[in-house]
>>> print(open('protein.cif').read())   # mmCIF, C-alpha atoms (C1' of nucleotides)
data_upload
#
loop_
_atom_site.label_atom_id
_atom_site.label_comp_id
_atom_site.auth_asym_id
_atom_site.auth_seq_id
_atom_site.Cartn_x
_atom_site.Cartn_y
_atom_site.Cartn_z
CA MET P 1 -68.35 -59.99 -23.11
CA ALA P 2 -65.98 -60.05 -20.16
CA ALA P 3 -65.10 -63.75 -20.17
CA LYS P 4 -63.97 -65.14 -16.85
CA ALA P 5 -60.30 -65.81 -16.28
CA LEU P 6 -59.34 -69.30 -17.31
CA THR P 7 -57.95 -71.81 -14.85
CA SER P 8 -54.45 -73.10 -15.46
CA ASP P 9 -56.00 -76.33 -16.61
CA GLN P 10 -58.10 -74.52 -19.19
CA LEU P 11 -55.09 -72.51 -20.32
CA LEU P 12 -53.31 -75.79 -20.92
CA HIS P 13 -56.09 -77.04 -23.15
CA VAL P 14 -56.35 -73.83 -25.12
CA ALA P 15 -52.58 -73.71 -25.58
CA GLU P 16 -52.65 -77.27 -26.85
CA ARG P 17 -55.15 -76.32 -29.56
CA PHE P 18 -53.04 -73.38 -30.62
CA LYS P 19 -50.02 -75.67 -30.68
CA ALA P 20 -51.75 -77.84 -33.24
CA LEU P 21 -51.90 -74.81 -35.53
CA ALA P 22 -48.37 -73.68 -34.73
CA GLU P 23 -46.69 -75.78 -37.42
CA PRO P 24 -46.35 -74.77 -41.07
CA SER P 25 -46.69 -78.36 -42.20
CA ARG P 26 -49.95 -78.81 -40.35
CA LEU P 27 -51.32 -75.55 -41.71
CA ASP P 28 -50.37 -76.78 -45.15
CA ILE P 29 -52.27 -80.01 -44.57
CA LEU P 30 -55.32 -78.07 -43.45
CA GLN P 31 -55.05 -75.98 -46.58
CA ALA P 32 -55.00 -79.16 -48.63
CA LEU P 33 -58.27 -80.16 -46.98
CA LYS P 34 -59.92 -76.84 -47.66
CA ALA P 35 -61.25 -77.99 -51.02
CA GLY P 36 -62.75 -81.09 -49.47
CA GLU P 37 -62.11 -84.57 -48.21
CA ARG P 38 -58.78 -86.18 -49.14
CA ASN P 39 -57.11 -89.46 -48.35
CA VAL P 40 -53.57 -89.60 -47.00
CA GLY P 41 -52.01 -90.34 -50.36
CA GLU P 42 -53.61 -87.25 -51.85
CA ILE P 43 -52.38 -85.16 -48.95
CA LEU P 44 -48.87 -86.49 -49.49
CA GLU P 45 -49.00 -85.44 -53.11
CA LYS P 46 -50.48 -82.06 -52.39
CA THR P 47 -48.02 -81.17 -49.63
CA GLY P 48 -44.86 -83.01 -50.64
CA LEU P 49 -44.32 -84.15 -47.06
CA GLY P 50 -43.18 -87.62 -45.99
CA GLN P 51 -45.75 -90.34 -45.30
CA ALA P 52 -44.93 -91.03 -41.66
CA ASN P 53 -44.65 -87.34 -41.05
CA VAL P 54 -48.09 -86.59 -42.46
CA SER P 55 -49.57 -89.46 -40.51
CA LYS P 56 -48.28 -87.99 -37.27
CA HIS P 57 -49.45 -84.51 -38.13
CA LEU P 58 -52.90 -85.84 -38.93
CA ARG P 59 -53.00 -87.53 -35.58
CA VAL P 60 -52.26 -84.23 -33.86
CA LEU P 61 -54.89 -82.40 -35.88
CA HIS P 62 -57.42 -85.09 -35.14
CA ALA P 63 -56.65 -85.08 -31.43
CA ALA P 64 -57.12 -81.31 -31.44
CA GLY P 65 -60.48 -81.76 -33.15
CA PHE P 66 -59.64 -79.86 -36.31
CA VAL P 67 -60.12 -82.81 -38.65
CA GLU P 68 -62.37 -85.84 -38.77
CA ARG P 69 -61.68 -89.11 -40.52
CA ARG P 70 -63.40 -91.94 -42.26
CA LYS P 71 -61.98 -95.26 -43.30
CA GLU P 72 -62.85 -96.61 -46.69
CA GLY P 73 -61.27 -99.87 -47.64
CA VAL P 74 -57.56 -99.56 -47.18
CA SER P 75 -57.41 -95.79 -47.19
CA THR P 76 -58.37 -93.11 -44.68
CA TYR P 77 -60.16 -89.95 -45.72
CA TYR P 78 -59.68 -86.79 -43.73
CA ARG P 79 -61.83 -83.68 -43.76
CA LEU P 80 -62.04 -80.43 -41.82
CA ALA P 81 -64.21 -80.70 -38.73
CA ASP P 82 -65.60 -77.20 -39.27
CA ASN P 83 -64.66 -73.75 -40.52
CA ASP P 84 -63.06 -72.48 -37.32
CA VAL P 85 -59.62 -73.19 -38.72
CA PHE P 86 -60.16 -70.59 -41.39
CA ARG P 87 -61.66 -68.07 -39.05
CA LEU P 88 -58.58 -68.45 -36.90
CA CYS P 89 -56.18 -68.26 -39.82
CA GLU P 90 -57.96 -65.31 -41.32
CA LEU P 91 -57.65 -63.44 -38.07
CA MET P 92 -53.93 -64.18 -38.00
CA CYS P 93 -53.49 -63.28 -41.65
CA GLY P 94 -55.34 -60.04 -41.06
CA ARG P 95 -52.82 -59.19 -38.40
CA LEU P 96 -49.94 -59.94 -40.72
CA GLU P 97 -51.41 -57.80 -43.47
CA LYS P 98 -51.99 -54.91 -41.13
CA GLU P 99 -48.41 -55.25 -39.99
CA ALA P 100 -47.06 -55.38 -43.52
CA HIS P 101 -49.04 -52.27 -44.29
CA THR P 102 -47.54 -50.46 -41.30
CA ARG P 103 -44.06 -51.51 -42.36
CA LYS P 104 -44.67 -50.24 -45.85
CA LYS P 105 -45.79 -46.88 -44.49
CA LEU P 106 -42.69 -46.66 -42.33
CA PHE P 107 -40.43 -47.12 -45.36
CA ALA P 108 -42.49 -45.02 -47.74
CA MET C 1 -64.27 -65.46 -49.17
CA ALA C 2 -62.14 -68.13 -50.79
CA ALA C 3 -58.74 -66.93 -49.61
CA LYS C 4 -55.85 -67.91 -51.85
CA ALA C 5 -53.55 -70.70 -50.74
CA LEU C 6 -50.70 -69.37 -48.66
CA THR C 7 -47.10 -69.74 -49.74
CA SER C 8 -44.80 -71.77 -47.51
CA ASP C 9 -43.27 -68.52 -46.39
CA GLN C 10 -46.65 -67.19 -45.32
CA LEU C 11 -47.47 -70.45 -43.58
CA LEU C 12 -44.27 -70.03 -41.61
CA HIS C 13 -45.29 -66.58 -40.43
CA VAL C 14 -48.80 -67.63 -39.49
CA ALA C 15 -47.47 -70.65 -37.63
CA GLU C 16 -45.10 -68.42 -35.73
CA ARG C 17 -47.98 -66.28 -34.50
CA PHE C 18 -49.92 -69.31 -33.38
CA LYS C 19 -46.80 -70.55 -31.64
CA ALA C 20 -46.76 -67.39 -29.54
CA LEU C 21 -50.21 -68.37 -28.23
CA ALA C 22 -49.33 -72.03 -27.82
CA GLU C 23 -47.97 -71.71 -24.28
CA PRO C 24 -50.11 -71.70 -21.14
CA SER C 25 -47.78 -69.25 -19.44
CA ARG C 26 -48.05 -66.77 -22.27
CA LEU C 27 -51.82 -67.07 -22.34
CA ASP C 28 -51.79 -66.43 -18.62
CA ILE C 29 -49.72 -63.29 -19.14
CA LEU C 30 -52.15 -62.08 -21.77
CA GLN C 31 -54.98 -62.70 -19.36
CA ALA C 32 -53.19 -60.61 -16.78
CA LEU C 33 -53.09 -57.78 -19.31
CA LYS C 34 -56.75 -58.02 -20.12
CA ALA C 35 -57.73 -55.58 -17.38
CA GLY C 36 -55.21 -53.05 -18.65
CA GLU C 37 -51.60 -52.02 -18.69
CA ARG C 38 -49.27 -53.70 -16.20
CA ASN C 39 -45.57 -53.52 -15.49
CA VAL C 40 -43.43 -56.62 -15.28
CA GLY C 41 -43.50 -56.75 -11.50
CA GLU C 42 -47.29 -56.76 -11.49
CA ILE C 43 -47.32 -59.50 -14.08
CA LEU C 44 -44.96 -61.55 -11.92
CA GLU C 45 -47.31 -61.20 -9.00
CA LYS C 46 -50.42 -61.95 -11.00
CA THR C 47 -48.99 -65.04 -12.70
CA GLY C 48 -46.56 -66.42 -10.13
CA LEU C 49 -43.99 -67.07 -12.85
CA GLY C 50 -40.26 -66.40 -12.55
CA GLN C 51 -38.84 -63.03 -13.53
CA ALA C 52 -36.49 -64.12 -16.30
CA ASN C 53 -39.15 -66.44 -17.60
CA VAL C 54 -41.77 -63.70 -17.85
CA SER C 55 -39.29 -61.38 -19.47
CA LYS C 56 -38.64 -63.90 -22.21
CA HIS C 57 -42.30 -64.64 -22.71
CA LEU C 58 -43.00 -60.94 -23.04
CA ARG C 59 -40.32 -60.69 -25.68
CA VAL C 60 -42.02 -63.44 -27.69
CA LEU C 61 -45.43 -61.81 -27.35
CA HIS C 62 -44.01 -58.47 -28.37
CA ALA C 63 -42.20 -59.94 -31.37
CA ALA C 64 -45.47 -61.54 -32.43
CA GLY C 65 -47.20 -58.17 -32.12
CA PHE C 66 -49.67 -59.17 -29.42
CA VAL C 67 -48.40 -56.70 -26.83
CA GLU C 68 -46.92 -53.23 -26.92
CA ARG C 69 -44.66 -51.67 -24.32
CA ARG C 70 -43.78 -48.37 -22.78
CA LYS C 71 -40.88 -47.54 -20.50
CA GLU C 72 -41.53 -45.36 -17.52
CA GLY C 73 -38.58 -44.73 -15.28
CA VAL C 74 -37.11 -48.05 -14.32
CA SER C 75 -40.11 -50.15 -15.17
CA THR C 76 -41.68 -51.34 -18.39
CA TYR C 77 -45.40 -51.32 -18.89
CA TYR C 78 -46.98 -53.84 -21.22
CA ARG C 79 -50.43 -53.72 -22.76
CA LEU C 80 -52.40 -55.69 -25.33
CA ALA C 81 -51.86 -54.44 -28.86
CA ASP C 82 -55.52 -55.04 -29.75
CA ASN C 83 -58.43 -57.35 -29.09
CA ASP C 84 -57.52 -60.05 -31.57
CA VAL C 85 -56.05 -62.17 -28.80
CA PHE C 86 -59.46 -62.49 -27.24
CA ARG C 87 -61.21 -63.13 -30.49
CA LEU C 88 -58.76 -65.95 -31.09
CA CYS C 89 -59.06 -67.34 -27.59
CA GLU C 90 -62.81 -67.11 -27.61
CA LEU C 91 -62.93 -69.09 -30.80
CA MET C 92 -60.73 -71.76 -29.23
CA CYS C 93 -62.71 -71.76 -26.02
CA GLY C 94 -65.90 -72.10 -27.98
CA ARG C 95 -64.50 -75.21 -29.58
CA LEU C 96 -63.59 -76.65 -26.20
CA GLU C 97 -67.04 -75.95 -24.82
CA LYS C 98 -68.72 -77.54 -27.79
CA GLU C 99 -66.49 -80.55 -27.34
CA ALA C 100 -67.21 -80.79 -23.62
CA HIS C 101 -70.89 -80.64 -24.43
CA THR C 102 -70.56 -83.49 -26.90
CA ARG C 103 -68.66 -85.55 -24.36
CA LYS C 104 -71.32 -84.94 -21.78
CA LYS C 105 -73.98 -86.10 -24.18
CA LEU C 106 -72.04 -89.24 -24.93
CA PHE C 107 -71.90 -90.15 -21.26
CA ALA C 108 -75.40 -89.03 -20.42
"C1'" DA T 1 -52.38 -118.62 -48.91
"C1'" DG T 2 -49.24 -115.12 -50.90
"C1'" DA T 3 -48.26 -110.61 -52.71
"C1'" DC T 4 -49.35 -105.85 -52.74
"C1'" DT T 5 -50.98 -101.25 -51.08
"C1'" DC T 6 -52.27 -97.75 -47.69
"C1'" DG T 7 -51.70 -95.92 -43.47
"C1'" DA T 8 -50.14 -96.11 -38.55
"C1'" DT T 9 -46.54 -96.78 -35.28
"C1'" DA T 10 -41.85 -97.30 -33.09
"C1'" DA T 11 -37.12 -96.05 -32.76
"C1'" DC T 12 -34.04 -92.71 -33.48
"C1'" DC T 13 -31.75 -88.15 -34.10
"C1'" DA T 14 -31.49 -83.20 -34.32
"C1'" DT T 15 -33.36 -79.02 -32.97
"C1'" DA T 16 -36.15 -75.80 -30.40
"C1'" DT T 17 -37.64 -74.02 -26.24
"C1'" DA T 18 -39.51 -73.46 -21.25
"C1'" DG T 19 -37.57 -72.83 -16.95
"C1'" DT T 20 -33.83 -71.40 -13.80
"C1'" DC T 21 -29.64 -69.12 -12.07
"C1'" DA T 22 -26.42 -65.71 -12.54
"C1'" DT T 23 -25.24 -61.46 -14.45
"C1'" DA T 24 -25.69 -57.20 -17.07
"C1'" DT T 25 -27.94 -52.78 -17.97
"C1'" DA T 26 -30.43 -48.83 -16.85
"C1'" DT T 27 -32.83 -45.70 -13.98
"C1'" DA T 28 -33.72 -43.54 -9.49
"C1'" DC T 29 -32.21 -42.01 -5.16
"C1'" DA T 30 -29.26 -40.97 -1.02
"C1'" DT D 1 -20.41 -41.55 -6.42
"C1'" DG D 2 -22.39 -45.51 -4.43
"C1'" DT D 3 -26.56 -48.25 -3.70
"C1'" DA D 4 -30.99 -50.16 -4.61
"C1'" DT D 5 -34.56 -51.54 -7.84
"C1'" DA D 6 -36.67 -53.11 -12.32
"C1'" DT D 7 -36.01 -55.49 -16.35
"C1'" DA D 8 -33.30 -57.82 -19.90
"C1'" DT D 9 -29.97 -61.16 -21.35
"C1'" DG D 10 -26.74 -65.18 -21.44
"C1'" DA D 11 -25.61 -69.84 -20.08
"C1'" DC D 12 -27.29 -74.08 -19.04
"C1'" DT D 13 -30.42 -78.18 -18.49
"C1'" DA D 14 -34.37 -80.93 -19.31
"C1'" DT D 15 -38.03 -81.87 -22.21
"C1'" DA D 16 -40.82 -81.87 -26.30
"C1'" DT D 17 -41.27 -82.49 -30.99
"C1'" DG D 18 -40.47 -82.52 -36.27
"C1'" DG D 19 -38.48 -85.41 -39.64
"C1'" DT D 20 -36.72 -89.85 -41.29
"C1'" DT D 21 -36.26 -94.90 -41.73
"C1'" DA D 22 -37.94 -99.27 -40.88
"C1'" DT D 23 -41.61 -102.05 -39.64
"C1'" DC D 24 -46.27 -103.47 -38.63
"C1'" DG D 25 -51.29 -104.35 -39.48
"C1'" DA D 26 -55.33 -104.22 -42.11
"C1'" DG D 27 -57.63 -104.60 -46.28
"C1'" DT D 28 -57.57 -106.04 -51.33
"C1'" DC D 29 -56.62 -108.90 -55.21
"C1'" DT D 30 -55.05 -113.12 -57.73
#
>>> encode(input="protein.cif", output="structure tokens")
Amino acid sequence: MAAKALTSDQLLHVAERFKALAEPSRLDILQALKAGERNVGEILEKTGLGQANVSKHLRVLHAAGFVERRKEGVSTYYRLADNDVFRLCELMCGRLEKEAHTRKKLFA
Amino acid sequence: MAAKALTSDQLLHVAERFKALAEPSRLDILQALKAGERNVGEILEKTGLGQANVSKHLRVLHAAGFVERRKEGVSTYYRLADNDVFRLCELMCGRLEKEAHTRKKLFA
DNA sequence: AGACTCGATAACCATATAGTCATATATACA
DNA sequence: TGTATATATGACTATATGGTTATCGAGTCT
């Protein structure tokens, strides 16, 4: 249980991964991939973001290991690397819900 | 299981929480609190960060609901709000370890 | 080859924020 | 009351990064 303290180098790496999830646009992209593999054009449609913008976000997500990609002809298909993204988001959402609940009780 | 898609407003809130964890210094502070309640001076010592800097980081962590505080005399004691931080970090660390393992295999 | 499409990249700007220094606020104590 | 200590806050700078526009490169089709 009691994990060892992380070195400053390890903290840097962990922080970098969290940073990849610390952008609404990137979370939106990940959501778009939840249903399955999508190419960039489909992600553009689904999210309404700009093309260059999405391309950069995908690069960040790929560098952080949250998505994998596959080229097919002229297009690139992206997919979630695993389900950790949702475990992480569900934990965060759980916190938000708990908080909302507390707020509601305060004002009840 | 299949959580509904989040609204852009919800994405913003989730991203904000991740952003609070997306800084090595803040992760370090959270680590310092793992063993239990600490006042700001003790956190300064433990982390080696500047006073004003730590104070601002603590404000962010508190706003995000990761830490709670208690004033006692002239000092303020901070503690972890719950164990979610470690669940989140352990998930991230697990990813890093898996990745390191894959890299090792590639170079083996 | 030439035209077209998809996606990545570079240049640029605007904004956000980590870090620092100086100062303010609040409590304790002589 | 005056002084010292602990923490918070404001001002400022340097850096990082999200978004946009323009351009590039690769693959496809005629």
>>> resolve_selection(input="protein.cif", expression="the PyMOL selection byres ((chain P) within 8 of (chain D))", output="ChimeraX atom specification")
/P:53,73-74
>>> calpha_fit_and_write(input="protein.cif", fixed="chain P", moving="chain C", output="PDB file with C-alpha atoms, keeping the file's coordinate frame")
ATOM      1  CA  MET C   1     -68.416 -60.097 -23.077  1.00  0.00           C
ATOM      2  CA  ALA C   2     -65.975 -60.052 -20.191  1.00  0.00           C
ATOM      3  CA  ALA C   3     -65.064 -63.734 -20.167  1.00  0.00           C
ATOM      4  CA  LYS C   4     -63.929 -65.063 -16.809  1.00  0.00           C
ATOM      5  CA  ALA C   5     -60.245 -65.718 -16.259  1.00  0.00           C
ATOM      6  CA  LEU C   6     -59.317 -69.226 -17.284  1.00  0.00           C
ATOM      7  CA  THR C   7     -57.927 -71.723 -14.815  1.00  0.00           C
ATOM      8  CA  SER C   8     -54.424 -73.037 -15.434  1.00  0.00           C
ATOM      9  CA  ASP C   9     -55.999 -76.265 -16.557  1.00  0.00           C
ATOM     10  CA  GLN C  10     -58.085 -74.453 -19.146  1.00  0.00           C
ATOM     11  CA  LEU C  11     -55.079 -72.456 -20.286  1.00  0.00           C
ATOM     12  CA  LEU C  12     -53.304 -75.743 -20.869  1.00  0.00           C
ATOM     13  CA  HIS C  13     -56.090 -77.007 -23.100  1.00  0.00           C
ATOM     14  CA  VAL C  14     -56.336 -73.799 -25.089  1.00  0.00           C
ATOM     15  CA  ALA C  15     -52.576 -73.712 -25.540  1.00  0.00           C
ATOM     16  CA  GLU C  16     -52.657 -77.264 -26.796  1.00  0.00           C
ATOM     17  CA  ARG C  17     -55.133 -76.327 -29.512  1.00  0.00           C
ATOM     18  CA  PHE C  18     -53.030 -73.394 -30.595  1.00  0.00           C
ATOM     19  CA  LYS C  19     -50.021 -75.684 -30.631  1.00  0.00           C
ATOM     20  CA  ALA C  20     -51.762 -77.871 -33.196  1.00  0.00           C
ATOM     21  CA  LEU C  21     -51.895 -74.834 -35.507  1.00  0.00           C
ATOM     22  CA  ALA C  22     -48.371 -73.708 -34.700  1.00  0.00           C
ATOM     23  CA  GLU C  23     -46.669 -75.799 -37.386  1.00  0.00           C
ATOM     24  CA  PRO C  24     -46.341 -74.776 -41.031  1.00  0.00           C
ATOM     25  CA  SER C  25     -46.698 -78.365 -42.175  1.00  0.00           C
ATOM     26  CA  ARG C  26     -49.952 -78.810 -40.319  1.00  0.00           C
ATOM     27  CA  LEU C  27     -51.318 -75.556 -41.681  1.00  0.00           C
ATOM     28  CA  ASP C  28     -50.366 -76.772 -45.125  1.00  0.00           C
ATOM     29  CA  ILE C  29     -52.269 -80.006 -44.550  1.00  0.00           C
ATOM     30  CA  LEU C  30     -55.314 -78.060 -43.442  1.00  0.00           C
ATOM     31  CA  GLN C  31     -55.048 -75.972 -46.568  1.00  0.00           C
ATOM     32  CA  ALA C  32     -54.990 -79.132 -48.627  1.00  0.00           C
ATOM     33  CA  LEU C  33     -58.258 -80.133 -46.972  1.00  0.00           C
ATOM     34  CA  LYS C  34     -59.918 -76.831 -47.644  1.00  0.00           C
ATOM     35  CA  ALA C  35     -61.247 -77.950 -51.021  1.00  0.00           C
ATOM     36  CA  GLY C  36     -62.757 -81.058 -49.462  1.00  0.00           C
ATOM     37  CA  GLU C  37     -62.099 -84.543 -48.230  1.00  0.00           C
ATOM     38  CA  ARG C  38     -58.767 -86.126 -49.148  1.00  0.00           C
ATOM     39  CA  ASN C  39     -57.081 -89.406 -48.357  1.00  0.00           C
ATOM     40  CA  VAL C  40     -53.564 -89.560 -47.000  1.00  0.00           C
ATOM     41  CA  GLY C  41     -52.000 -90.299 -50.364  1.00  0.00           C
ATOM     42  CA  GLU C  42     -53.580 -87.201 -51.870  1.00  0.00           C
ATOM     43  CA  ILE C  43     -52.371 -85.132 -48.959  1.00  0.00           C
ATOM     44  CA  LEU C  44     -48.853 -86.469 -49.488  1.00  0.00           C
ATOM     45  CA  GLU C  45     -48.978 -85.403 -53.096  1.00  0.00           C
ATOM     46  CA  LYS C  46     -50.458 -82.008 -52.377  1.00  0.00           C
ATOM     47  CA  THR C  47     -47.998 -81.150 -49.602  1.00  0.00           C
ATOM     48  CA  GLY C  48     -44.838 -82.993 -50.619  1.00  0.00           C
ATOM     49  CA  LEU C  49     -44.297 -84.125 -47.034  1.00  0.00           C
ATOM     50  CA  GLY C  50     -43.160 -87.595 -45.977  1.00  0.00           C
ATOM     51  CA  GLN C  51     -45.705 -90.315 -45.301  1.00  0.00           C
ATOM     52  CA  ALA C  52     -44.916 -91.022 -41.659  1.00  0.00           C
ATOM     53  CA  ASN C  53     -44.647 -87.324 -41.032  1.00  0.00           C
ATOM     54  CA  VAL C  54     -48.087 -86.578 -42.462  1.00  0.00           C
ATOM     55  CA  SER C  55     -49.579 -89.461 -40.561  1.00  0.00           C
ATOM     56  CA  LYS C  56     -48.323 -88.030 -37.297  1.00  0.00           C
ATOM     57  CA  HIS C  57     -49.452 -84.534 -38.133  1.00  0.00           C
ATOM     58  CA  LEU C  58     -52.902 -85.846 -38.948  1.00  0.00           C
ATOM     59  CA  ARG C  59     -53.019 -87.563 -35.593  1.00  0.00           C
ATOM     60  CA  VAL C  60     -52.274 -84.258 -33.857  1.00  0.00           C
ATOM     61  CA  LEU C  61     -54.906 -82.414 -35.876  1.00  0.00           C
ATOM     62  CA  HIS C  62     -57.442 -85.109 -35.157  1.00  0.00           C
ATOM     63  CA  ALA C  63     -56.659 -85.122 -31.439  1.00  0.00           C
ATOM     64  CA  ALA C  64     -57.141 -81.361 -31.429  1.00  0.00           C
ATOM     65  CA  GLY C  65     -60.502 -81.804 -33.147  1.00  0.00           C
ATOM     66  CA  PHE C  66     -59.660 -79.875 -36.304  1.00  0.00           C
ATOM     67  CA  VAL C  67     -60.128 -82.814 -38.663  1.00  0.00           C
ATOM     68  CA  GLU C  68     -62.380 -85.840 -38.778  1.00  0.00           C
ATOM     69  CA  ARG C  69     -61.684 -89.107 -40.551  1.00  0.00           C
ATOM     70  CA  ARG C  70     -63.407 -91.926 -42.316  1.00  0.00           C
ATOM     71  CA  LYS C  71     -61.971 -95.256 -43.386  1.00  0.00           C
ATOM     72  CA  GLU C  72     -62.855 -96.562 -46.788  1.00  0.00           C
ATOM     73  CA  GLY C  73     -61.251 -99.818 -47.757  1.00  0.00           C
ATOM     74  CA  VAL C  74     -57.540 -99.480 -47.283  1.00  0.00           C
ATOM     75  CA  SER C  75     -57.417 -95.723 -47.241  1.00  0.00           C
ATOM     76  CA  THR C  76     -58.370 -93.074 -44.727  1.00  0.00           C
ATOM     77  CA  TYR C  77     -60.146 -89.931 -45.757  1.00  0.00           C
ATOM     78  CA  TYR C  78     -59.665 -86.773 -43.741  1.00  0.00           C
ATOM     79  CA  ARG C  79     -61.818 -83.666 -43.761  1.00  0.00           C
ATOM     80  CA  LEU C  80     -62.045 -80.425 -41.808  1.00  0.00           C
ATOM     81  CA  ALA C  81     -64.228 -80.720 -38.733  1.00  0.00           C
ATOM     82  CA  ASP C  82     -65.625 -77.209 -39.253  1.00  0.00           C
ATOM     83  CA  ASN C  83     -64.699 -73.760 -40.472  1.00  0.00           C
ATOM     84  CA  ASP C  84     -63.084 -72.505 -37.296  1.00  0.00           C
ATOM     85  CA  VAL C  85     -59.643 -73.217 -38.704  1.00  0.00           C
ATOM     86  CA  PHE C  86     -60.200 -70.620 -41.370  1.00  0.00           C
ATOM     87  CA  ARG C  87     -61.690 -68.108 -39.024  1.00  0.00           C
ATOM     88  CA  LEU C  88     -58.591 -68.478 -36.886  1.00  0.00           C
ATOM     89  CA  CYS C  89     -56.203 -68.298 -39.809  1.00  0.00           C
ATOM     90  CA  GLU C  90     -57.975 -65.352 -41.326  1.00  0.00           C
ATOM     91  CA  LEU C  91     -57.660 -63.475 -38.088  1.00  0.00           C
ATOM     92  CA  MET C  92     -53.935 -64.218 -38.015  1.00  0.00           C
ATOM     93  CA  CYS C  93     -53.504 -63.335 -41.656  1.00  0.00           C
ATOM     94  CA  GLY C  94     -55.337 -60.101 -41.096  1.00  0.00           C
ATOM     95  CA  ARG C  95     -52.835 -59.231 -38.418  1.00  0.00           C
ATOM     96  CA  LEU C  96     -49.945 -59.986 -40.744  1.00  0.00           C
ATOM     97  CA  GLU C  97     -51.425 -57.855 -43.495  1.00  0.00           C
ATOM     98  CA  LYS C  98     -51.998 -54.960 -41.157  1.00  0.00           C
ATOM     99  CA  GLU C  99     -48.422 -55.291 -39.998  1.00  0.00           C
ATOM    100  CA  ALA C 100     -47.066 -55.427 -43.541  1.00  0.00           C
ATOM    101  CA  HIS C 101     -49.053 -52.316 -44.310  1.00  0.00           C
ATOM    102  CA  THR C 102     -47.555 -50.510 -41.338  1.00  0.00           C
ATOM    103  CA  ARG C 103     -44.073 -51.552 -42.385  1.00  0.00           C
ATOM    104  CA  LYS C 104     -44.674 -50.294 -45.872  1.00  0.00           C
ATOM    105  CA  LYS C 105     -45.787 -46.957 -44.526  1.00  0.00           C
ATOM    106  CA  LEU C 106     -42.699 -46.707 -42.384  1.00  0.00           C
ATOM    107  CA  PHE C 107     -40.453 -47.180 -45.392  1.00  0.00           C
ATOM    108  CA  ALA C 108     -42.509 -45.107 -47.776  1.00  0.00           C
TER     109      ALA C 108
END
>>> interface_residues(input="protein.cif", of="chain C", to="chain T", cutoff="12 Å", atoms="all atoms listed in the file", output="ChimeraX atom specification")
/C:19-20,22-26,49-57,60,71-76
>>> resolve_selection(input="protein.cif", expression="the PyMOL selection byres ((chain P) within 8 of (chain C))", output="PyMOL selection string")
chain P and resi 5+8+11-12+14-19+21-24+27-28+31+84+88-89+91-93+96
>>> write_last_selection(input="protein.cif", atoms="C-alpha atoms", output="PDB file, in the frame of the given file")
ATOM      1  CA  ALA P   5     -60.300 -65.810 -16.280  1.00  0.00           C
ATOM      2  CA  SER P   8     -54.450 -73.100 -15.460  1.00  0.00           C
ATOM      3  CA  LEU P  11     -55.090 -72.510 -20.320  1.00  0.00           C
ATOM      4  CA  LEU P  12     -53.310 -75.790 -20.920  1.00  0.00           C
ATOM      5  CA  VAL P  14     -56.350 -73.830 -25.120  1.00  0.00           C
ATOM      6  CA  ALA P  15     -52.580 -73.710 -25.580  1.00  0.00           C
ATOM      7  CA  GLU P  16     -52.650 -77.270 -26.850  1.00  0.00           C
ATOM      8  CA  ARG P  17     -55.150 -76.320 -29.560  1.00  0.00           C
ATOM      9  CA  PHE P  18     -53.040 -73.380 -30.620  1.00  0.00           C
ATOM     10  CA  LYS P  19     -50.020 -75.670 -30.680  1.00  0.00           C
ATOM     11  CA  LEU P  21     -51.900 -74.810 -35.530  1.00  0.00           C
ATOM     12  CA  ALA P  22     -48.370 -73.680 -34.730  1.00  0.00           C
ATOM     13  CA  GLU P  23     -46.690 -75.780 -37.420  1.00  0.00           C
ATOM     14  CA  PRO P  24     -46.350 -74.770 -41.070  1.00  0.00           C
ATOM     15  CA  LEU P  27     -51.320 -75.550 -41.710  1.00  0.00           C
ATOM     16  CA  ASP P  28     -50.370 -76.780 -45.150  1.00  0.00           C
ATOM     17  CA  GLN P  31     -55.050 -75.980 -46.580  1.00  0.00           C
ATOM     18  CA  ASP P  84     -63.060 -72.480 -37.320  1.00  0.00           C
ATOM     19  CA  LEU P  88     -58.580 -68.450 -36.900  1.00  0.00           C
ATOM     20  CA  CYS P  89     -56.180 -68.260 -39.820  1.00  0.00           C
ATOM     21  CA  LEU P  91     -57.650 -63.440 -38.070  1.00  0.00           C
ATOM     22  CA  MET P  92     -53.930 -64.180 -38.000  1.00  0.00           C
ATOM     23  CA  CYS P  93     -53.490 -63.280 -41.650  1.00  0.00           C
ATOM     24  CA  LEU P  96     -49.940 -59.940 -40.720  1.00  0.00           C
TER      25      LEU P  96
END
>>> atom_distance(input="protein.cif", atom1="atom CA of C:His62", atom2="atom CA of C:Ile43")
14.7 Å
>>> atom_distance(input="protein.cif", atom1="atom CA of C:Glu37", atom2="atom CA of C:Ala81")
10.5 Å
>>> atom_distance(input="protein.cif", atom1="atom CA of C:Ala100", atom2="atom CA of P:Arg59")
19.8 Å
>>> resolve_selection(input="protein.cif", expression="the PyMOL selection byres ((chain C and resi 78) around 9)", output="list in words")
Leu33, Gly36, Glu37, Arg38, Asn39, Val40, Leu58, Val67, Glu68, Arg69, Arg70, Lys71, Thr76, Tyr77, Arg79 and Leu80 of chain C
>>> decode(input="protein.cif", residues="stretch 72-84 of chain P", atoms="C-alpha atoms", output="compact mmCIF listing (two decimals), in the first residue's frame")
# COMPACT_ATOMS: atom_id res chain seq x y z
CA GLU P 72 -4.73 4.10 -43.46
CA GLY P 73 -4.25 5.66 -46.82
CA VAL P 74 -4.35 9.40 -46.41
CA SER P 75 -6.09 9.44 -43.07
CA THR P 76 -5.00 8.67 -39.52
CA TYR P 77 -7.18 6.70 -37.14
CA TYR P 78 -6.90 7.30 -33.44
CA ARG P 79 -8.13 5.07 -30.64
CA LEU P 80 -7.87 4.97 -26.85
CA ALA P 81 -4.81 3.12 -25.64
CA ASP P 82 -6.74 1.59 -22.74
CA ASN P 83 -9.51 2.32 -20.25
CA ASP P 84 -7.41 4.19 -17.70
